[in-house]
Amino acid sequence: MDRSDLYAAALGAALLLPSAALAHHGWSWTTGENIELTGTITATSLGNPHGELTMDVDGTLWTIEVGQPWRNSRAGLADGDLAEGVVLTVSGEPSADPDEKLLKAERLWIYQVEYELYPGRD
Amino acid sequence: MDAVLDALVGSAPAQWLRFSRWGYAAVNTTHVFGIALLVGAILPLDLRLLGLWRSVALEPLARVLVPVAATGLLLAMTAGAFLFITRAPEYAAIDLFLVKLALIATGALHALSLHLGPGLRNASRARLRVAGATSLSIWVGVLVCGRLLAFVAD
């Protein structure tokens, strides 16, 4: 191993990222099983890079990850559909940490109308 | 401070970018392009200062790499400012983001103090080695902090 190999190895080690549980990104941090929640939206934080809702489910506040603007609009959601006070049913994968009331939505229903954020995924 | 952050996020450019698909993608890409130029240029220069590639003359190497790195930093900071305002209160509340900003300020001041001080031509070899090590750790640190933001924030 010459000196430039050593530098390359050191640099590689420095750039290795920990594979922590990651909200937003992928599904590695979820249980892999779908659950369904129904509740009322109490707060929204929509837009890039990630959209989020807070939803009151029988007195427990859940954070629901929805899509970026393009994903929400592809699903058929219009501005104002995801707003405070709207009653929502969501199906998706919750965080593997049961204390973290966090769910990544795959599809949702408002007044029985289905909006699919991740078509074909279940 | 909170009022300033709220005003930033409520501004017209921030609201436009926050809900624009391709606008956000373009600014995001510009940010990555700036980082690629910055790190891609500063890393070989820092390794040269640390003693690698001694047979390559420092001056012509620096004449190419310093302006490329500086341009990359400016691009990354400009695009980064736009990304920041779309979610100003959220980013400002993340410790890692503040660490990243502090590292950027330190890295920029460090580079300025070398170039406006002795300069690469007149600085002692020891000073250049320390500068190379410092700069390399700072800019790689900035890159790691920036990427990790996506993995620590809620």
# chains A, B, ... in the order shown; residues from 1 in each chain; ligands from 1
>>> select_by_dssp(residues="stretch 19-77 of chain B", states="alpha helix (DSSP H)", output="ChimeraX atom specification")
/B:19,21-49,58-77
>>> residues_around(residues="B:Leu38", least_positions_apart="3", cutoff="7 Å", atoms="only C-alpha atoms", output="mmCIF file with N, CA and C atoms, in the first residue's frame")
data_model
loop_
_atom_site.group_PDB
_atom_site.id
_atom_site.type_symbol
_atom_site.label_atom_id
_atom_site.label_comp_id
_atom_site.auth_asym_id
_atom_site.auth_seq_id
_atom_site.Cartn_x
_atom_site.Cartn_y
_atom_site.Cartn_z
ATOM 1 N N GLY B 34 -22.231 23.667 -6.422
ATOM 2 C CA GLY B 34 -21.291 24.514 -5.688
ATOM 3 C C GLY B 34 -20.419 23.691 -4.744
ATOM 4 N N ILE B 35 -21.040 22.748 -4.037
ATOM 5 C CA ILE B 35 -20.287 21.906 -3.106
ATOM 6 C C ILE B 35 -19.272 21.051 -3.866
ATOM 7 N N ALA B 41 -12.151 21.089 -5.587
ATOM 8 C CA ALA B 41 -10.972 21.918 -5.820
ATOM 9 C C ALA B 41 -10.105 22.037 -4.568
ATOM 10 N N ILE B 42 -10.757 22.166 -3.409
ATOM 11 C CA ILE B 42 -9.971 22.446 -2.205
ATOM 12 C C ILE B 42 -9.234 21.200 -1.717
ATOM 13 N N VAL B 68 -11.607 28.290 -8.407
ATOM 14 C CA VAL B 68 -12.688 27.305 -8.572
ATOM 15 C C VAL B 68 -13.357 27.044 -7.218
ATOM 16 N N ALA B 69 -12.541 26.871 -6.183
ATOM 17 C CA ALA B 69 -13.094 26.619 -4.848
ATOM 18 C C ALA B 69 -13.917 27.814 -4.371
ATOM 19 N N ALA B 70 -13.403 29.026 -4.598
ATOM 20 C CA ALA B 70 -14.114 30.226 -4.146
ATOM 21 C C ALA B 70 -15.445 30.377 -4.878
ATOM 22 N N GLY B 72 -17.173 27.915 -6.165
ATOM 23 C CA GLY B 72 -18.029 26.869 -5.607
ATOM 24 C C GLY B 72 -18.644 27.291 -4.291
ATOM 25 N N LEU B 73 -17.835 27.904 -3.426
ATOM 26 C CA LEU B 73 -18.349 28.354 -2.132
ATOM 27 C C LEU B 73 -19.450 29.400 -2.320
#
>>> atom_distance(atom1="atom CA of B:Trp22", atom2="atom CA of B:Pro67")
29.1 Å
>>> residues_around(residues="stretch 75-87 of chain B", least_positions_apart="5", cutoff="10 Å", atoms="only C-alpha atoms", output="PyMOL selection string")
(chain A and resi 45+47-49) or (chain B and resi 5-19+24+26-38+69-70+92+104)
>>> closest_atom_pairs(of="chain B", to="chain A", cutoff="7 Å", atoms="only C-alpha atoms", output="CSV")
residue,atom,partner,partner_atom,distance
B:Arg18,CA,A:Asn48,CA,4.9
B:Phe19,CA,A:Gly47,CA,5.1
B:Arg21,CA,A:Trp70,CA,6.1
B:Val144,CA,A:Leu15,CA,7.0
B:Phe151,CA,A:Leu22,CA,5.1
B:Val152,CA,A:Leu22,CA,6.9
B:Asp154,CA,A:Ala23,CA,6.4
>>> atom_distance(atom1="atom CA of B:Val66", atom2="atom CA of B:Asp46")
10.5 Å
>>> residues_around(residues="stretch 26-33 of chain A", least_positions_apart="4", cutoff="12 Å", atoms="only C-alpha atoms", output="PyMOL selection string")
(chain A and resi 19-22+65+91-98+100-106+118+121-122) or (chain B and resi 150-151)
>>> atom_distance(atom1="atom CA of A:Val57", atom2="atom CA of A:Gly76")
24.0 Å
>>> select_by_dssp(residues="stretch 32-101 of chain A", states="strand (DSSP E or B)", output="NGL selection string")
:A and (35-45 or 51-57 or 60-66 or 87-95)
